[in-house]
Every structure is written in C-alpha cells, then in structure tokens.
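Printed here is my_file.cif (mmCIF, C-alpha atoms and all ligand atoms):
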data_final
loop_
_atom_site.label_atom_id
_atom_site.label_comp_id
_atom_site.auth_asym_id
_atom_site.auth_seq_id
_atom_site.Cartn_x
_atom_site.Cartn_y
_atom_site.Cartn_z
CA MET A 1 0.00 0.00 0.00
CA LEU A 2 2.85 2.31 0.87
CA ARG A 3 4.60 1.56 -2.41
CA ILE A 4 1.46 2.22 -4.49
CA CYS A 5 1.03 5.58 -2.78
CA LEU A 6 4.56 6.63 -3.60
CA ARG A 7 4.77 5.32 -7.16
CA LYS A 8 1.46 6.53 -8.46
CA ASN A 9 1.63 9.76 -6.53
CA LEU A 10 -1.83 9.09 -5.13
CA PRO A 11 -3.06 11.43 -2.40
CA CYS A 12 -1.78 10.09 0.90
CA SER A 13 -2.26 12.07 4.11
CA ARG A 14 0.92 12.81 6.08
CA PRO A 15 -0.25 11.21 9.37
CA LEU A 16 -1.39 8.09 7.49
CA PHE A 17 1.89 7.98 5.62
CA ALA A 18 3.89 8.43 8.84
CA GLU A 19 1.87 5.74 10.62
CA SER A 20 2.33 3.23 7.79
CA PHE A 21 6.01 4.10 7.49
CA ASN A 22 6.62 3.72 11.24
CA ARG A 23 4.78 0.40 11.30
CA LEU A 24 6.80 -0.85 8.34
CA LEU A 25 10.03 0.38 9.92
CA SER A 26 9.30 -1.11 13.32
CA THR A 27 8.38 -4.51 11.81
CA GLN A 28 11.40 -4.55 9.56
CA THR A 29 13.93 -3.44 12.15
CA GLY A 30 12.44 -5.56 14.95
CA ARG A 31 12.04 -2.40 17.05
CA LYS A 32 8.41 -3.00 17.73
CA LEU A 33 7.92 -0.16 20.22
CA GLN A 34 9.86 2.57 18.44
CA ASP A 35 9.24 5.93 20.21
CA LYS A 36 6.54 4.50 22.45
CA VAL A 37 6.41 5.62 26.07
CA ALA A 38 5.76 2.89 28.64
CA LEU A 39 5.12 3.07 32.38
CA ILE A 40 5.80 -0.15 34.30
CA THR A 41 4.79 -0.53 37.93
CA GLY A 42 7.00 -2.91 39.90
CA GLY A 43 9.61 -2.36 37.19
CA ALA A 44 12.62 -2.39 39.51
CA SER A 45 12.84 -6.16 39.73
CA GLY A 46 11.88 -9.53 38.24
CA ILE A 47 9.23 -9.56 35.52
CA GLY A 48 8.88 -5.77 35.44
CA LYS A 49 12.60 -5.29 34.95
CA ALA A 50 12.68 -7.92 32.18
CA ALA A 51 9.79 -6.16 30.44
CA ALA A 52 11.51 -2.77 30.81
CA THR A 53 14.67 -4.19 29.23
CA LYS A 54 12.73 -5.76 26.36
CA PHE A 55 10.71 -2.61 25.71
CA ILE A 56 13.85 -0.43 25.63
CA ASN A 57 15.59 -2.86 23.29
CA ASN A 58 12.59 -2.41 21.02
CA GLY A 59 12.83 1.37 20.90
CA ALA A 60 10.64 2.42 23.83
CA ILE A 61 11.20 4.93 26.59
CA VAL A 62 10.39 3.32 29.93
CA ILE A 63 9.39 4.84 33.23
CA ILE A 64 9.99 2.43 36.07
CA ALA A 65 7.49 3.09 38.87
CA ASP A 66 8.33 1.17 42.00
CA ILE A 67 8.19 1.42 45.77
CA GLN A 68 11.87 0.35 46.10
CA GLN A 69 13.73 3.61 45.55
CA GLN A 70 17.33 2.49 45.60
CA LEU A 71 16.79 -0.62 43.51
CA GLY A 72 14.58 1.33 41.10
CA GLN A 73 17.28 3.95 40.57
CA GLU A 74 19.94 1.27 40.09
CA THR A 75 17.74 -0.55 37.57
CA ALA A 76 17.08 2.63 35.60
CA LYS A 77 20.81 3.38 35.54
CA GLU A 78 21.57 -0.14 34.38
CA LEU A 79 19.01 0.10 31.56
CA GLY A 80 20.50 3.33 30.21
CA PRO A 81 19.23 6.73 29.07
CA ASN A 82 15.83 5.47 27.88
CA ALA A 83 14.90 4.38 31.40
CA THR A 84 13.75 6.71 34.18
CA PHE A 85 12.75 5.88 37.71
CA ILE A 86 9.90 7.39 39.65
CA THR A 87 8.97 6.44 43.20
CA CYS A 88 5.48 5.03 43.22
CA ASP A 89 3.45 3.10 45.74
CA VAL A 90 0.49 1.68 43.82
CA THR A 91 -1.66 1.81 46.96
CA LYS A 92 -1.47 5.62 46.78
CA GLU A 93 -3.64 6.97 44.01
CA SER A 94 -1.70 10.24 43.99
CA ASP A 95 1.56 8.36 43.30
CA ILE A 96 0.05 6.66 40.26
CA SER A 97 -1.54 9.87 39.07
CA ASP A 98 1.83 11.66 39.43
CA ALA A 99 3.65 8.89 37.52
CA VAL A 100 1.19 9.19 34.62
CA ASP A 101 1.46 12.99 34.65
CA PHE A 102 5.26 12.68 34.70
CA SER A 103 5.11 10.56 31.56
CA VAL A 104 3.06 13.22 29.78
CA SER A 105 5.04 16.23 31.00
CA GLU A 106 8.40 14.60 30.31
CA TYR A 107 7.65 12.60 27.16
CA LYS A 108 4.38 14.17 25.92
CA GLN A 109 2.41 10.90 25.98
CA LEU A 110 1.75 7.52 27.54
CA ASP A 111 1.39 4.67 25.06
CA ILE A 112 1.76 1.62 27.29
CA MET A 113 0.72 1.17 30.91
CA TYR A 114 1.93 -2.08 32.44
CA ASN A 115 0.31 -2.69 35.84
CA ASN A 116 2.74 -5.31 37.06
CA ALA A 117 3.39 -4.55 40.76
CA GLY A 118 2.12 -7.25 43.06
CA ILE A 119 2.88 -9.02 46.33
CA PRO A 120 2.50 -12.58 47.53
CA CYS A 121 0.97 -13.36 50.89
CA LYS A 122 1.46 -15.91 53.58
CA THR A 123 -1.81 -16.74 55.26
CA PRO A 124 -3.09 -19.87 56.97
CA PRO A 125 -4.26 -22.26 54.24
CA SER A 126 -7.83 -22.67 55.49
CA ILE A 127 -10.59 -20.12 54.85
CA VAL A 128 -11.74 -20.48 58.47
CA ASN A 129 -8.48 -18.88 59.61
CA LEU A 130 -8.39 -16.18 56.95
CA ASP A 131 -6.55 -13.05 58.03
CA LEU A 132 -8.83 -10.33 56.69
CA GLU A 133 -6.40 -7.52 57.41
CA LEU A 134 -3.81 -9.22 55.26
CA PHE A 135 -6.51 -9.90 52.67
CA ASP A 136 -7.22 -6.15 52.48
CA LYS A 137 -3.50 -5.36 52.17
CA VAL A 138 -2.99 -7.79 49.29
CA MET A 139 -6.13 -6.54 47.52
CA GLU A 140 -4.94 -2.97 47.96
CA ILE A 141 -1.81 -3.68 45.93
CA ASN A 142 -2.77 -6.52 43.59
CA VAL A 143 -6.28 -5.35 42.70
CA ARG A 144 -6.88 -1.73 43.72
CA GLY A 145 -3.38 -0.81 42.46
CA VAL A 146 -4.25 -2.25 39.04
CA MET A 147 -7.59 -0.40 38.92
CA ALA A 148 -5.89 2.86 39.89
CA GLY A 149 -3.23 2.31 37.20
CA ILE A 150 -5.88 1.78 34.54
CA LYS A 151 -7.94 4.72 35.79
CA HIS A 152 -5.08 7.19 35.44
CA ALA A 153 -3.60 5.73 32.27
CA THR A 154 -6.96 6.00 30.52
CA ARG A 155 -7.29 9.60 31.72
CA VAL A 156 -4.52 10.46 29.26
CA MET A 157 -5.09 7.70 26.69
CA ILE A 158 -8.80 8.29 26.02
CA PRO A 159 -8.29 11.82 24.62
CA ARG A 160 -5.66 10.40 22.20
CA GLY A 161 -7.89 7.47 21.23
CA THR A 162 -5.08 4.96 21.53
CA GLY A 163 -3.07 2.99 24.08
CA SER A 164 -2.17 -0.47 25.29
CA ILE A 165 -2.72 -1.51 28.89
CA LEU A 166 -1.16 -4.64 30.34
CA CYS A 167 -1.51 -6.26 33.75
CA THR A 168 0.29 -9.15 35.38
CA ALA A 169 -2.21 -11.74 36.56
CA SER A 170 -1.11 -15.32 37.32
CA VAL A 171 -1.86 -18.98 36.70
CA THR A 172 -3.21 -18.89 40.27
CA GLY A 173 -6.01 -16.72 38.86
CA VAL A 174 -6.80 -19.28 36.16
CA ILE A 175 -7.39 -22.35 38.32
CA GLY A 176 -7.86 -22.64 42.07
CA GLY A 177 -5.65 -24.47 44.49
CA MET A 178 -2.26 -23.20 43.33
CA ALA A 179 -1.78 -20.53 46.00
CA GLN A 180 -3.30 -19.23 49.21
CA HIS A 181 -6.89 -18.06 48.67
CA THR A 182 -6.04 -14.40 49.14
CA TYR A 183 -3.39 -14.25 46.44
CA SER A 184 -5.34 -16.50 44.10
CA VAL A 185 -8.50 -14.41 44.47
CA SER A 186 -6.52 -11.22 43.80
CA LYS A 187 -5.27 -12.63 40.50
CA PHE A 188 -8.72 -13.93 39.46
CA ALA A 189 -9.79 -10.32 39.99
CA VAL A 190 -7.06 -8.97 37.68
CA ILE A 191 -8.30 -11.21 34.86
CA GLY A 192 -11.83 -9.99 35.58
CA ILE A 193 -10.70 -6.36 35.53
CA VAL A 194 -9.23 -6.82 32.05
CA LYS A 195 -12.43 -8.33 30.69
CA SER A 196 -14.66 -5.72 32.29
CA LEU A 197 -12.50 -2.80 31.20
CA ALA A 198 -12.13 -4.06 27.63
CA SER A 199 -15.87 -3.50 27.19
CA GLU A 200 -15.46 0.22 27.77
CA LEU A 201 -11.98 0.84 26.42
CA SER A 202 -12.52 -0.87 23.05
CA GLY A 203 -14.79 2.04 22.22
CA HIS A 204 -11.84 4.39 22.73
CA GLY A 205 -9.30 2.45 20.68
CA ILE A 206 -7.48 1.31 23.82
CA ARG A 207 -6.53 -2.34 24.24
CA VAL A 208 -6.33 -3.96 27.67
CA ASN A 209 -4.85 -7.40 28.26
CA CYS A 210 -3.14 -9.41 30.96
CA ILE A 211 -0.47 -12.06 31.22
CA SER A 212 -0.64 -15.04 33.55
CA PRO A 213 2.86 -16.30 34.31
CA PHE A 214 3.74 -19.67 35.73
CA ALA A 215 6.04 -19.84 38.80
CA ILE A 216 9.35 -18.03 38.26
CA PRO A 217 12.08 -17.78 40.90
CA THR A 218 12.05 -13.97 41.17
CA PRO A 219 12.62 -12.29 44.58
CA PHE A 220 8.83 -12.45 45.02
CA VAL A 221 8.81 -16.26 44.95
CA MET A 222 12.23 -16.81 46.48
CA ASN A 223 11.38 -14.84 49.64
CA GLU A 224 8.31 -17.01 50.12
CA MET A 225 10.23 -20.21 49.42
CA ASP A 226 12.87 -19.12 51.90
CA GLN A 227 10.24 -18.85 54.61
CA ILE A 228 8.75 -22.24 53.81
CA TYR A 229 12.10 -24.03 53.49
CA PRO A 230 14.57 -22.07 55.69
CA HIS A 231 16.91 -25.10 55.78
CA LEU A 232 17.47 -25.16 51.99
CA ASP A 233 19.91 -23.05 49.97
CA SER A 234 18.73 -20.84 47.11
CA GLN A 235 19.97 -23.17 44.39
CA ARG A 236 17.80 -25.98 45.76
CA LEU A 237 14.84 -23.59 46.07
CA VAL A 238 15.17 -22.57 42.41
CA GLU A 239 15.28 -26.25 41.52
CA ILE A 240 12.06 -26.94 43.45
CA VAL A 241 10.27 -24.07 41.70
CA ARG A 242 11.47 -25.24 38.28
CA ASN A 243 10.54 -28.86 38.92
CA VAL A 244 6.84 -28.06 39.15
CA GLY A 245 6.71 -27.09 35.46
CA VAL A 246 5.35 -29.54 32.88
CA LEU A 247 7.05 -28.45 29.66
CA LYS A 248 10.08 -30.64 29.17
CA GLY A 249 13.31 -28.87 28.34
CA ALA A 250 12.20 -25.35 29.33
CA ASN A 251 11.79 -23.27 32.48
CA CYS A 252 9.58 -20.22 32.82
CA GLU A 253 11.81 -17.13 32.96
CA PRO A 254 11.07 -13.40 33.34
CA ASN A 255 12.11 -13.03 29.71
CA ASP A 256 9.23 -15.32 28.62
CA ILE A 257 6.80 -12.91 30.25
CA ALA A 258 8.64 -9.94 28.75
CA ASN A 259 8.20 -11.51 25.29
CA ALA A 260 4.47 -11.88 25.92
CA ALA A 261 4.32 -8.27 27.13
CA LEU A 262 6.17 -7.03 24.06
CA TYR A 263 3.76 -8.87 21.82
CA LEU A 264 0.65 -7.55 23.58
CA ALA A 265 2.01 -4.00 23.80
CA SER A 266 3.01 -3.85 20.14
CA ASP A 267 1.09 -3.52 16.90
CA ASP A 268 1.53 -7.27 16.41
CA ALA A 269 -1.41 -7.58 18.82
CA ARG A 270 -3.33 -4.63 17.39
CA TYR A 271 -6.64 -6.53 17.33
CA ILE A 272 -6.25 -8.28 20.67
CA SER A 273 -8.07 -6.94 23.70
CA GLY A 274 -9.66 -8.40 26.82
CA HIS A 275 -7.29 -11.35 26.59
CA ASN A 276 -5.45 -13.30 29.29
CA LEU A 277 -2.24 -14.65 27.77
CA VAL A 278 -1.27 -17.66 29.87
CA VAL A 279 2.47 -18.37 29.87
CA ASP A 280 2.68 -21.69 31.68
CA GLY A 281 4.03 -24.31 29.30
CA GLY A 282 0.57 -25.91 29.20
CA PHE A 283 0.26 -26.41 32.97
CA THR A 284 -3.30 -25.09 33.36
CA SER A 285 -4.55 -26.69 30.14
CA PHE A 286 -4.68 -30.28 31.27
CA LYS A 287 -4.82 -32.77 34.07
CA ASN A 288 -3.71 -36.36 33.77
CA LEU A 289 -5.99 -39.15 34.92
CA GLU A 290 -3.83 -40.97 37.40
CA PHE A 291 -5.07 -44.49 36.56
CA PRO A 292 -2.76 -47.23 37.77
CA ALA A 293 -0.59 -48.85 35.09
CA PRO A 294 -2.24 -52.03 33.74
CA ASP A 295 0.46 -54.27 35.24
CA GLN A 296 0.00 -52.65 38.66
CA ALA A 297 -3.80 -52.66 38.83
CA GLN A 298 -5.37 -55.30 41.08
N1 LIG B 301 7.31 -14.78 40.06
C1 LIG B 301 6.25 -15.52 39.84
O1 LIG B 301 6.29 -16.76 39.96
C2 LIG B 301 4.95 -14.90 39.43
C3 LIG B 301 3.98 -15.72 38.84
C4 LIG B 301 2.77 -15.16 38.46
C5 LIG B 301 2.55 -13.81 38.65
N2 LIG B 301 3.51 -13.03 39.22
C6 LIG B 301 3.24 -11.61 39.36
O2 LIG B 301 4.26 -10.90 38.68
C7 LIG B 301 4.31 -9.58 39.19
C8 LIG B 301 5.77 -9.19 39.38
O3 LIG B 301 6.35 -10.04 40.33
P1 LIG B 301 7.84 -10.60 40.20
O4 LIG B 301 7.76 -12.06 40.22
O5 LIG B 301 8.57 -9.91 39.13
O6 LIG B 301 8.39 -10.20 41.67
P2 LIG B 301 9.49 -9.13 42.12
O7 LIG B 301 9.45 -9.17 43.61
O8 LIG B 301 10.78 -9.40 41.44
O9 LIG B 301 8.91 -7.73 41.59
C9 LIG B 301 7.79 -7.12 42.16
C10 LIG B 301 8.04 -5.63 42.17
O10 LIG B 301 6.85 -4.97 42.61
C11 LIG B 301 7.24 -3.92 43.47
N3 LIG B 301 6.15 -3.54 44.37
C12 LIG B 301 5.66 -4.26 45.41
N4 LIG B 301 4.71 -3.54 46.02
C13 LIG B 301 4.60 -2.36 45.36
C14 LIG B 301 3.80 -1.21 45.52
N5 LIG B 301 2.92 -1.12 46.52
N6 LIG B 301 3.95 -0.19 44.65
C15 LIG B 301 4.84 -0.28 43.66
N7 LIG B 301 5.64 -1.32 43.45
C16 LIG B 301 5.51 -2.36 44.31
C17 LIG B 301 8.43 -4.48 44.21
O11 LIG B 301 9.22 -3.45 44.80
C18 LIG B 301 9.17 -5.23 43.12
O12 LIG B 301 10.11 -4.43 42.46
C19 LIG B 301 3.45 -9.57 40.46
O13 LIG B 301 2.22 -8.98 40.17
C20 LIG B 301 3.26 -11.05 40.76
O14 LIG B 301 2.05 -11.28 41.43
C21 LIG B 301 4.72 -13.54 39.59
#

For the file at hand, write its structure as structure tokens.
Ligand SMILES: NC(=O)c1ccc[n+]([C@@H]2O[C@H](COP(=O)([O-])OP(=O)(O)OC[C@H]3O[C@@H](n4cnc5c(N)ncnc54)[C@H](O)[C@@H]3O)[C@@H](O)[C@H]2O)c1
Amino acid sequence: MLRICLRKNLPCSRPLFAESFNRLLSTQTGRKLQDKVALITGGASGIGKAAATKFINNGAIVIIADIQQQLGQETAKELGPNATFITCDVTKESDISDAVDFSVSEYKQLDIMYNNAGIPCKTPPSIVNLDLELFDKVMEINVRGVMAGIKHATRVMIPRGTGSILCTASVTGVIGGMAQHTYSVSKFAVIGIVKSLASELSGHGIRVNCISPFAIPTPFVMNEMDQIYPHLDSQRLVEIVRNVGVLKGANCEPNDIANAALYLASDDARYISGHNLVVDGGFTSFKNLEFPAPDQAQ
C-alpha cells in the first residue's frame, strides 16, 4: 500500500503515511515499540525489569514506577538513558496519578501502561483462619493498584484514542488451588478487571490485556520459598520451583513474560483486547488421569 502511494503519486495524508512508514520500519527493524512511552509498575525487579529491558531494546522509553527507591534507581541506571525511575506506591492513588502525569510532562504521551506490581501473601491455608487484614492489604496492591493504574492511564489515553494496557495476573487466577486463597482471588480479579475494562476501552481504541505467568524464581517467589524451606539453599529452592513445570526442556523465565508483554504491547497484537495470555508451558490446560498402570492394577 505504501509503495502504491509513492509510485502513483496518489493522495496520501501525512499522518497516514507516517503511521504506515513507522509500522513498516518497526516490523522490519524488529524495534516493535519505536518511540513509544511505557510506564511499568513494579519495574525495579523480576518480571517488570525484564519487560523494561525488552521494551527499551525495542525502541521504547520506559518509566519504572516502584516502591523500592534504591533498587529502582539502580535498575534505571543499568538500563540506560531510555529508562527513568519514579517512586510510586500503587496503593497511593496520587503516586500513580503523578507517575502518569510525569510521563506526559516529560515525554508528551503515555502509550503503554503495564500494571505489574504485586505481592504474595502468607496466610493460613484454610478459609476459616483467613486473616482479613492481610486480605485487604494484598487486595490494595494486587487489585486496587491495578484499577488505579488503569484509571489514570486512561485519563490520558482516552483523549488520544489509543493505548495499550497490560496487567500481570497469574496462573493462580486461572485455576484454584495453586496458592493461598487471598493471592489466588486477587489474580482472578485482575483477569476480571481486564475483561470488564475491555468493554469500555474498546470504544476508545485502547486495548487492555493481561499475562498469567507460571512460577518463576524472582525475589517475590524466592522470599516465600525461603520462609517455607529455611533449611534449603537458594539453588535448591530454584530447583524446586522449576521442577513443578510440565514443559520438558524449558523453564519459565522473566524473559518469557517480557516476550508476551512485548507482543501484547506492540502492533503485532493490534486486534487483541480483553485477553489473558497464559504463559505456563501448558500447565493449566490439562490434568492427567492418574489411573494405575495395567500391570499394577489389582
Ligand atoms: N514470580 C512468579 O512466579 C509470578 C507468577 C505469576 C505472577 N507473578 C506476578 O508478577 C508480578 C511481578 O512479580 P515478580 O515475580 O517480578 O516479583 P518481584 O518481587 O521481582 O517484583 C515485584 C516488584 O513490585 C514492586 N512492588 C511491590 N509492592 C509495590 C507497591 N505497593 N507499589 C509499587 N511497586 C511495588 C516491588 O518493589 C518489586 O520491584 C506480580 O504482580 C506477581 O504477582 C509472579
């Protein structure tokens, strides 16, 4: 289409030309987020950091919004001039609002909002002993923080009629029984948020999706594992986490989630919204019937 426009000298509006040219350029060079501005909550570590790295390598400017100031600054420094750090506690609406405003004042726009910050929780396994204060705390970060992120991102995306919103859910929000109720419920809610919000945001040209990672030995998981198995060293703990996967020959890594995030954030996924992209090597897709082997059945 681009070539026809040029050769035949057909009328071709400048914005349309620029859009087609940029899309062609970004696909051909592999820089799928050229000149896009992305805000990533929980970007100082783990999955958020991997996504920030991937986005920058694909031409984006990334604002890392995290509660850990020192680590966030170190991460931004490590990622180079296209990364900036801003202190942000997702439980404070004003922090999220400020981070979004910073993106607009500093870089004129916000193209991608990745609501990734989240915490695990250690509660007694049975519902009858549920710690409701802890429940509220986890919901405040994992659910309310995501809603607040979407609220403020859309404040600046709706007037532009474009944007891509991502959230980190979890396999524990796809099937029950894989985590404590509180954490699991918080991630079911994230998937619900995406589906509910897609209904409104589609009408504004804004896509909203989430990613459900399998277990990855990030600090998030390793701290929990450390508490459960204080007698084991970190190498053994990583091994235990990896052994629960089902896909032979591969382990789930932050980079696998970053690849999914890049896809969903980019024009490659331009017609995908309201989707939960499960990155679990097939884990939540099947269950084996544990029949006894014929020679062992009595
Ligand atoms: N690691 C896993 O196995 C796994 C699996 C599924 C989903 N997840 C989800 O992935 C997301 C990222 O976790 P991760 O594994 O990269 O862990 P991580 O601990 O490496 O990163 C989490 C980041 O979130 C930040 N954060 C925590 N509370 C915050 C707050 N109130 N405001 C702003 N930032 C805050 C932390 O400082 C940290 O940098 C979380 O939402 C988590 O629930 C992780």

Quick one: contact table of chain A to ligand LIG 301 (chain B), 7 Å max, nearest atom pair and distance in Å to one decimal per residue, counting all atoms listed in the file, chain and number order, as CSV?
residue,atom,partner,partner_atom,distance
A:Thr41,CA,B:LIG301,N7,5.6
A:Gly42,CA,B:LIG301,O10,3.4
A:Gly43,CA,B:LIG301,O12,5.7
A:Ala44,CA,B:LIG301,O12,4.4
A:Ser45,CA,B:LIG301,O8,4.2
A:Gly46,CA,B:LIG301,O8,3.4
A:Ile47,CA,B:LIG301,O5,3.7
A:Gly48,CA,B:LIG301,O5,5.6
A:Ala65,CA,B:LIG301,C15,6.4
A:Asp66,CA,B:LIG301,N7,3.9
A:Ile67,CA,B:LIG301,C15,4.3
A:Gln68,CA,B:LIG301,O11,4.8
A:Cys88,CA,B:LIG301,C15,5.4
A:Asp89,CA,B:LIG301,N6,3.5
A:Val90,CA,B:LIG301,N6,4.0
A:Thr91,CA,B:LIG301,N5,5.5
A:Asn116,CA,B:LIG301,O13,4.8
A:Ala117,CA,B:LIG301,O10,3.9
A:Gly118,CA,B:LIG301,O13,3.4
A:Ile119,CA,B:LIG301,O14,5.5
A:Pro120,CA,B:LIG301,O14,6.3
A:Ile141,CA,B:LIG301,N5,5.4
A:Asn142,CA,B:LIG301,O13,6.5
A:Thr168,CA,B:LIG301,O13,5.2
A:Ala169,CA,B:LIG301,C5,5.6
A:Ser170,CA,B:LIG301,C4,4.0
A:Val171,CA,B:LIG301,C4,6.3
A:Ser212,CA,B:LIG301,C4,6.0
A:Pro213,CA,B:LIG301,C4,4.3
A:Phe214,CA,B:LIG301,C3,5.0
A:Ala215,CA,B:LIG301,O1,3.3
A:Ile216,CA,B:LIG301,O1,3.7
A:Pro217,CA,B:LIG301,N1,5.7
A:Thr218,CA,B:LIG301,O8,4.8
A:Pro219,CA,B:LIG301,O7,4.6
A:Phe220,CA,B:LIG301,O7,3.6
A:Val221,CA,B:LIG301,N1,5.3

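Nearest to Ser266 of chain A of all the residues A:Asp98, A:Glu78, A:Asp111, A:Glu106 is A:Asp111, based on all atoms listed in the file.
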
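One distance worth recording is that between atom CA of Val194 of chain A and atom CA of His275 of chain A, which is 7.4 Å.
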
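We find atom CA of Ile272 of chain A and atom CA of Ile165 of chain A to be spaced 11.2 Å apart.
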
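Take atom CA of Asp101 of chain A and atom CA of Arg155 of chain A: the distance between them is 9.8 Å.
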
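By chain and then residue number, the residues within 12 Å of segment 249-252 of chain A are Ile47, Ser212, Pro213, Phe214, Ala215, Ile216, Pro217, Thr218, Val238, Glu239, Ile240, Val241, Arg242, Asn243, Val244, Gly245, Asp256, Ile257, Ala258, Asn259, Ala260, Val278, Val279, Asp280, Gly281, Gly282 and Phe283 of chain A, counting only C-alpha atoms and disregarding those fewer than 4 positions away in sequence.
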
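When only C-alpha atoms are used to measure the gap to Met225 of chain A, the shortest distance among A:Cys121, A:Ile193, A:Leu201, A:Ala60 belongs to A:Cys121.
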
Which of these residues is nearest to Ala76 of chain A, using only C-alpha atoms: A:Lys187, A:Arg236, A:Asp226, A:Ile40? A:Ile40

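Take the candidates A:Thr172, A:Ser97, A:Asn57, A:Ser186 and check each one against Lys151 of chain A using only C-alpha atoms; the shortest distance goes to A:Ser97.
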
Polymer residues at most 12 Å from segment 131-140 of chain A, all atoms listed in the file, same-chain spacing of 3 or more positions, as number ranges by chain: A: 89-93, 117-128, 143-148, 180-190

Mind listing whatever residues come within 9 Å of the point (3.6, -5.6, 27.7)? Use only C-alpha atoms, file coordinates, and give them as an MDAnalysis selection string. chainID A and resid 38 40 51:52 55 112:114 164:167 209:211 257:266

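You can rank A:Ser196, A:Ala179, A:Glu290, A:Leu71 by their closest distance to Ile150 of chain A using only C-alpha atoms, and at the top of that list sits A:Ser196.
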
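Counting only C-alpha atoms, the residue from A:Gln73, A:Gln235, A:Thr87, A:Asn82 that sits nearest to Lys36 of chain A is A:Asn82.
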
May I ask you to restore N, CA and C atoms in segment 245-266 of chain A and write the result as a compact mmCIF listing (two decimals), in the coordinates of the input?
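out-v1.txt was written with the following content:
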# COMPACT_ATOMS: atom_id res chain seq x y z
N GLY A 245 7.15 -27.33 36.85
CA GLY A 245 6.71 -27.09 35.46
C GLY A 245 6.45 -28.39 34.72
N VAL A 246 5.68 -28.31 33.63
CA VAL A 246 5.35 -29.54 32.88
C VAL A 246 5.99 -29.59 31.50
N LEU A 247 6.51 -28.46 31.03
CA LEU A 247 7.05 -28.45 29.66
C LEU A 247 8.51 -28.89 29.69
N LYS A 248 8.73 -30.05 29.13
CA LYS A 248 10.08 -30.64 29.17
C LYS A 248 11.07 -29.75 28.43
N GLY A 249 12.22 -29.58 29.02
CA GLY A 249 13.31 -28.87 28.34
C GLY A 249 13.25 -27.36 28.44
N ALA A 250 12.28 -26.81 29.19
CA ALA A 250 12.20 -25.35 29.33
C ALA A 250 11.76 -24.97 30.73
N ASN A 251 12.25 -23.83 31.21
CA ASN A 251 11.79 -23.27 32.48
C ASN A 251 11.17 -21.92 32.21
N CYS A 252 10.18 -21.55 33.01
CA CYS A 252 9.58 -20.22 32.82
C CYS A 252 10.52 -19.16 33.40
N GLU A 253 10.87 -18.19 32.57
CA GLU A 253 11.81 -17.13 32.96
C GLU A 253 11.13 -15.76 32.80
N PRO A 254 11.63 -14.75 33.52
CA PRO A 254 11.07 -13.40 33.34
C PRO A 254 11.04 -12.97 31.87
N ASN A 255 12.05 -13.41 31.12
CA ASN A 255 12.11 -13.03 29.71
C ASN A 255 10.93 -13.60 28.90
N ASP A 256 10.40 -14.75 29.31
CA ASP A 256 9.23 -15.32 28.62
C ASP A 256 8.02 -14.41 28.81
N ILE A 257 7.93 -13.82 29.99
CA ILE A 257 6.80 -12.91 30.25
C ILE A 257 7.05 -11.59 29.52
N ALA A 258 8.31 -11.17 29.47
CA ALA A 258 8.64 -9.94 28.75
C ALA A 258 8.31 -10.09 27.26
N ASN A 259 8.55 -11.27 26.70
CA ASN A 259 8.20 -11.51 25.29
C ASN A 259 6.70 -11.40 25.08
N ALA A 260 5.94 -11.96 26.02
CA ALA A 260 4.47 -11.88 25.92
C ALA A 260 4.02 -10.42 26.04
N ALA A 261 4.68 -9.69 26.94
CA ALA A 261 4.32 -8.27 27.13
C ALA A 261 4.65 -7.46 25.88
N LEU A 262 5.79 -7.75 25.28
CA LEU A 262 6.17 -7.03 24.06
C LEU A 262 5.14 -7.28 22.97
N TYR A 263 4.75 -8.53 22.84
CA TYR A 263 3.76 -8.87 21.82
C TYR A 263 2.45 -8.10 22.06
N LEU A 264 1.95 -8.18 23.29
CA LEU A 264 0.65 -7.55 23.58
C LEU A 264 0.72 -6.03 23.48
N ALA A 265 1.88 -5.47 23.82
CA ALA A 265 2.01 -4.00 23.80
C ALA A 265 2.16 -3.48 22.37
N SER A 266 2.66 -4.32 21.48
CA SER A 266 3.01 -3.85 20.14
C SER A 266 1.85 -3.96 19.16
